[in-house]
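This report concerns only the one structure given below.
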Amino acid sequence: MDAAEKANAERQARWLKEAKIGEGTYAVVYRAREKSTGRRVAIKKIKVGQFKDGLDMSAIREVKYLRELSHPNVIELLDVYSSKTNLNLVLEFLDTDLELIIKDRTLVFLPADIKSWVAMTFRGLEFCHRNFILHRDLKPNNLLVASNGQLKIADFGLARDFADPGYKMTCQVITRWYRPPELLFGARYYSTAVDIWSVGCIFAELMLRIPYLPGESDMDQLKTIFRALGTPTEDDWPGHTKLPDYVPVGQFQKTPLRDLFTAATADCLNLLGKCLLYEPRRRVSAKEALNHSYFFALPNPTHPSKLPKPPSAHSSKPSDDLDGNGDPVSSGPGGKAAGPNKRKRKLSGSGRGGKVDRMVSRKLDFGAVSTGSS
Amino acid sequence: MSRSGANGWLRGTTVRKGGAAASSQRPTQGHVVSTSSTIFGGGVKDPSGRTSEFFSMDDQCPVCKSDRYLNPKLRLLVSSCYHKMCESCIDRLFTLGPAPCPICQTTLRKLAFIPQTFEDLTVEKEVAVRRRMAKEFNKRREDFADSRSYNDYLEEVEDITFNLINDIDVAQTEARIQAYRAENAALIEFNIQREEQTTQALKEQEDYERRVREQRALELRREEDEEREDREKRERELIDKLEFSTQDATKLVAKARAEAQKRSAARSATTFRSTSSLLRSRAAQSTVIPDPVHVPLQDDWDDYSDKFVVQTNYHDPMSELVRKDKEGIMRAGGYRIEEAWERAVRSAVAGLDLQPLVGFGLEIEPDGDVVMTPV
């Protein structure tokens with residue numbers, strides 16, 4: 001056995017897989033435990049076999065960035081190992097996600113709850129940005145919630161570090177409803193402001209309990225945005241007509257946010273408005289947002305442990321799992337641990353535009369080669 | 001010319017394992033199918049099928065200059081001196097016994113050619129050398145009295161490996177390996193056995209886990225079957241009753257439904273609470289744990305922001321074009337050159353005031369050497 005293979009086996013032996021809790025085209029998520037401590041973890045098994053050219057790009061990105069980040073509001077990557085032809089990411093186990101919470105109609109949100117979630121989102125995002133990482137796929141479904149109520153940003157499959165001056169980035173990122181207008185217009189040079197727009201959409205969704213800007217196609221997304229926030233003028237957003245994919249989509253009047261968010265305070269709408277500014281450079285930064293008066297105004301943000309959560313359908317006692325009836329189809333709370341309903345990620349166009357011609361690295365798995373040959 | 005005709009020579013169905021032809025079916029076990037009668041020893045023995053032979057459309061045999069266009073079945077193999085040539089050249093040159101390599105004149109044998117795994121042949125060589133080294137230099141930390149001597153040993157191994165990879169003092173290095181082998185024959189043998197035992201144990205563990213998994217799946221299926229049979233039985237009973245009983249049909253159906261509901265409720269056993277009770281419980285909670293005042297940042301990760309001030313302008317020829325931004329698209333897209341500058345400045349000051357590594361399993365010896373204890 002090679003040294004690499006041995007190290008891998010040792011790592012694998014630290015974790016005990018228990019039951020499958022979700023499956024997507026790209027990964028299977030298992031509930032698992034650390035053998036030594038009994039700590040609950042989630043193992044995201046990435047199906048490498050189908051990517052015959054090597055590892056999936058998003059898996060590489062996920063490992064690359066999560067190894068760097070350690071913050072209470074960012075999901076923790078505990079370990080990585082391979083098993084047969086698969087790559088396994090051992091992640092912190094998290095009970096649920098914000099999408100499930102928003103959709104659960106039996107839960108009532110207080111204004112302080114929303115404030116607390118938004119603050120935690122900004123805190124995690126600020127940490128990513130402070131470490132020069134763009135998340136590029138923020139949405140409620142990627143904001144996981146731990147049993148103690150802490151919100152954690154997950155799924156760094158589309159993340160990348162800040163581009164050097166003059167380098168193109170792909171505009172095919174961020175789930176459509178949370179995608180900012182500059183990406184819809186095909187901007188290839190952008191910055192942290194793209195994540196802020198997503199947070200703005202999530203903020204609005206928390207208040208409305210339905211997606212704020214649900215476009216049906218990329219074109220329709222622009223229309224939806226303009227219908228809600230008014231068609232931008234050259235003053236609102238200088239230069240946007242020169243963006244690569246610019247198309248005029250019609251003139252719409254801006255309706256004041258107040259008309260839709262009737263119960264929100266002035267502070268709240270001020271911050272929301274700053275997140276949803278058309279001109280990306282004027283959009284609020286995560287750090288500025290955290291110092292916004294909205295967060296300091298009363299009521300104070302709810303203590304995480306008291307935030308509403310769907311009733312846990314999931315037993316935490318290991319003895320219950322031994323009979324193997326951990327329902328594999330339940331998208332129950334545990335199932336969200338790392339986003340099982342993941343669609344196949346967009347791989348079109350790597351981070352650096354045309355600069356990279358091979359988007360996958362060759363498999364360098366020494367363990368796969370037997371020791372028998374010379 | 002039809003499309004399929006054009007694809008014919010491109011497809012080259014024989015040699016590839018990881019290529020397009022193999023995408024639909026699982027690659028055949030380990031060995032690569034060759035069209036040649038030659039039997040090649042060595043190379044990739046890979047029962048798991050994870051590695052595949054390196055393959056490129058631009059392959060050309062350096063000896064006969066034949067390429068994939070002329071010979072779609074072209075397969076290049078690597079000699080022990082790490083030169084590539086095609087199967088037909090190997091057949092031609094080495095069938096009559098050992099002969100010099102047409103490129104470097106080293107004497108080669110037909111059996112010493114191996115399939116290529118890595119695009120870069122230096123990697124191929126390094127992997128081969130390391131594999132060879134690992135077979136004999138298999139001492140472990142337990143075999144040494146202290147971490148100092150273990151580190152020395154590791155360094156020596158790395159030295160020898162480096163020499164072998166880069167062909168430095170080959171004769172002397174081989175002598176060193178010989179000496180080591182003679183000195184440690186027993187220990188090497190012992191460690192190989194130990195290794196085999198762990199491999200064996202690991203395999204057994206895997207087998208066991210697979211069996212457990214299968215068992216679990218079987219159980220689950222059985223339960224489902226039972227449940228379905230149960231349901232069907234009840235339905236049959238209900239129909240029989242409806243057929244023969246004198247009772248009111250609607251009553252019978254209602255009774256059966258109620259029973260079914262009770263059963264499913266017992267199974268899922270989910271708890272529902274009304275909105276008002278939820279609100280009440282939340283109100284009760286809020287008196288127990290107070291809501292703290294908002295604190296913008298709650299981590300202690302130092303971003304060195306007290307160490308620098310980002311200027312509004314820098315002499316930065318790299319970003320000249322971006323700053324001018326004639327078309328204005330970078331501005332409209334929201335790219336901020338300030339972010340790049342801040343990154344550069346912060347990376348420059350980060351770690352400036354870090355102490356040299358002390359503690360954390362590191363000990364500084366009197367002579368100033370740092371010894372790292374493996375974690």
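Here, A, B, ... name the chains of the structure tokens in the order displayed, residue numbers run from 1 inside each chain, and ligands are numbered from 1 in the same displayed order.
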Problem - Test item: chain A residues at most 6 Å from chain B, counting only C-alpha atoms, as a PyMOL selection string - result: chain A and resi 165-166+182+187+189-191+239-240+243+280-281+290-291+296+300+302-303+324+369-370+373
Shell of 8 Å around Ile153 (chain A), only C-alpha atoms, local chain residues under 5 positions omitted, as an mmCIF file with C-alpha atoms, in the first residue's frame:
data_model
loop_
_atom_site.group_PDB
_atom_site.id
_atom_site.type_symbol
_atom_site.label_atom_id
_atom_site.label_comp_id
_atom_site.auth_asym_id
_atom_site.auth_seq_id
_atom_site.Cartn_x
_atom_site.Cartn_y
_atom_site.Cartn_z
ATOM 1 C CA ASN A 73 -21.059 31.407 9.865
ATOM 2 C CA VAL A 74 -19.278 29.346 7.224
ATOM 3 C CA ILE A 75 -19.697 25.581 6.993
ATOM 4 C CA THR A 121 -25.449 35.923 6.507
ATOM 5 C CA GLY A 124 -20.270 34.891 6.993
ATOM 6 C CA LEU A 125 -20.149 36.711 3.676
ATOM 7 C CA LEU A 138 -25.971 32.549 -2.392
ATOM 8 C CA ASN A 142 -27.317 27.277 0.553
ATOM 9 C CA LEU A 143 -27.682 28.965 3.927
ATOM 10 C CA LEU A 144 -27.737 26.079 6.351
#
Which residues in region 137-192 of chain A does DSSP call alpha helix (DSSP H)? List them as a compact mmCIF listing (two decimals) with C-alpha atoms, in the first residue's frame.
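Writing the result to selection_39.txt gives the following:
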# COMPACT_ATOMS: atom_id res chain seq x y z
CA PRO A 181 -28.50 42.56 -13.24
CA GLU A 182 -24.84 43.07 -14.19
CA LEU A 183 -24.38 39.31 -14.58
CA LEU A 184 -27.61 39.07 -16.56
Exercise for the section: Identify, on the basis of only C-alpha atoms, every residue whose closest approach to Arg176 (chain B) does not exceed 12 Å; exclude the query and any residue fewer than 6 positions from it along the same chain; express the result as a PyMOL selection string. Expected result: chain B and resi 137+156-157+159-161+163-164+169-170+182-183
Practice task
Fewer than 2 positions away in the same chain doesn't count, so skip those; otherwise give me all residues within 9 Å of Ile196 (chain A), counting only C-alpha atoms, as JSON, numbers by chain.
Solution key: {"A": [122, 125, 180, 192, 193, 194, 198, 199, 200, 201, 275, 276, 283, 284, 285, 286]}
Problem - Backbone DSSP call of strand (DSSP E) for region 24-252 of chain B, listed as a PyMOL selection string - result: chain B and resi 76-78+84-86+99-100+107-108+114-115
Keeping only C-alpha atoms, write those residues as an mmCIF file, in the first residue's frame.
data_model
loop_
_atom_site.group_PDB
_atom_site.id
_atom_site.type_symbol
_atom_site.label_atom_id
_atom_site.label_comp_id
_atom_site.auth_asym_id
_atom_site.auth_seq_id
_atom_site.Cartn_x
_atom_site.Cartn_y
_atom_site.Cartn_z
ATOM 1 C CA LEU B 76 2.846 4.640 -27.687
ATOM 2 C CA LEU B 77 4.651 2.817 -24.935
ATOM 3 C CA VAL B 78 7.356 4.088 -22.647
ATOM 4 C CA LYS B 84 8.176 6.802 -26.217
ATOM 5 C CA MET B 85 7.745 4.723 -29.307
ATOM 6 C CA CYS B 86 4.922 2.920 -31.049
ATOM 7 C CA ALA B 99 18.816 -3.667 -28.810
ATOM 8 C CA PRO B 100 19.829 -0.050 -28.246
ATOM 9 C CA THR B 107 20.074 -1.276 -24.272
ATOM 10 C CA LEU B 108 16.398 -2.144 -24.039
ATOM 11 C CA ILE B 114 5.158 0.110 -20.157
ATOM 12 C CA PRO B 115 1.971 1.958 -21.069
#
Problem - Close residues, Leu134 (chain A) itself excluded, 7 Å, only C-alpha atoms, min 5 positions apart in chain, as a PyMOL selection string - result: chain A and resi 128-129+159-162+192
Problem - Two-atom distance - CA of Glu204 (chain B), CA of Phe93 (chain A) (Å) - result: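 CA of Phe93 (chain A) lies 28.6 Å from CA of Glu204 (chain B).
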Problem - Non-local contacts of Glu76 (chain A) (8 Å; only C-alpha atoms; under 5 positions in same chain excluded) as an NGL selection string - result: :A and (66 or 69-71 or 91-92)
File dump, residues just selected, C-alpha atoms, as a PDB file, in the first residue's frame:
ATOM      1  CA  LEU A  66     -13.457  25.594   2.503  1.00  0.00           C
ATOM      2  CA  LEU A  69     -12.215  29.420   5.795  1.00  0.00           C
ATOM      3  CA  SER A  70     -12.950  28.924   9.447  1.00  0.00           C
ATOM      4  CA  HIS A  71     -15.770  31.037  10.795  1.00  0.00           C
ATOM      5  CA  LEU A  91     -18.646  18.465   6.514  1.00  0.00           C
ATOM      6  CA  GLU A  92     -20.167  19.782   9.652  1.00  0.00           C
TER       7      GLU A  92
END
Exercise for the section: List the neighbours of Phe295 (chain A) out to 8 Å using only C-alpha atoms; skip same-chain residues closer than 6 positions along the sequence, and give me the result as a PyMOL selection string. Expected result: (chain A and resi 115+119+301) or (chain B and resi 294)
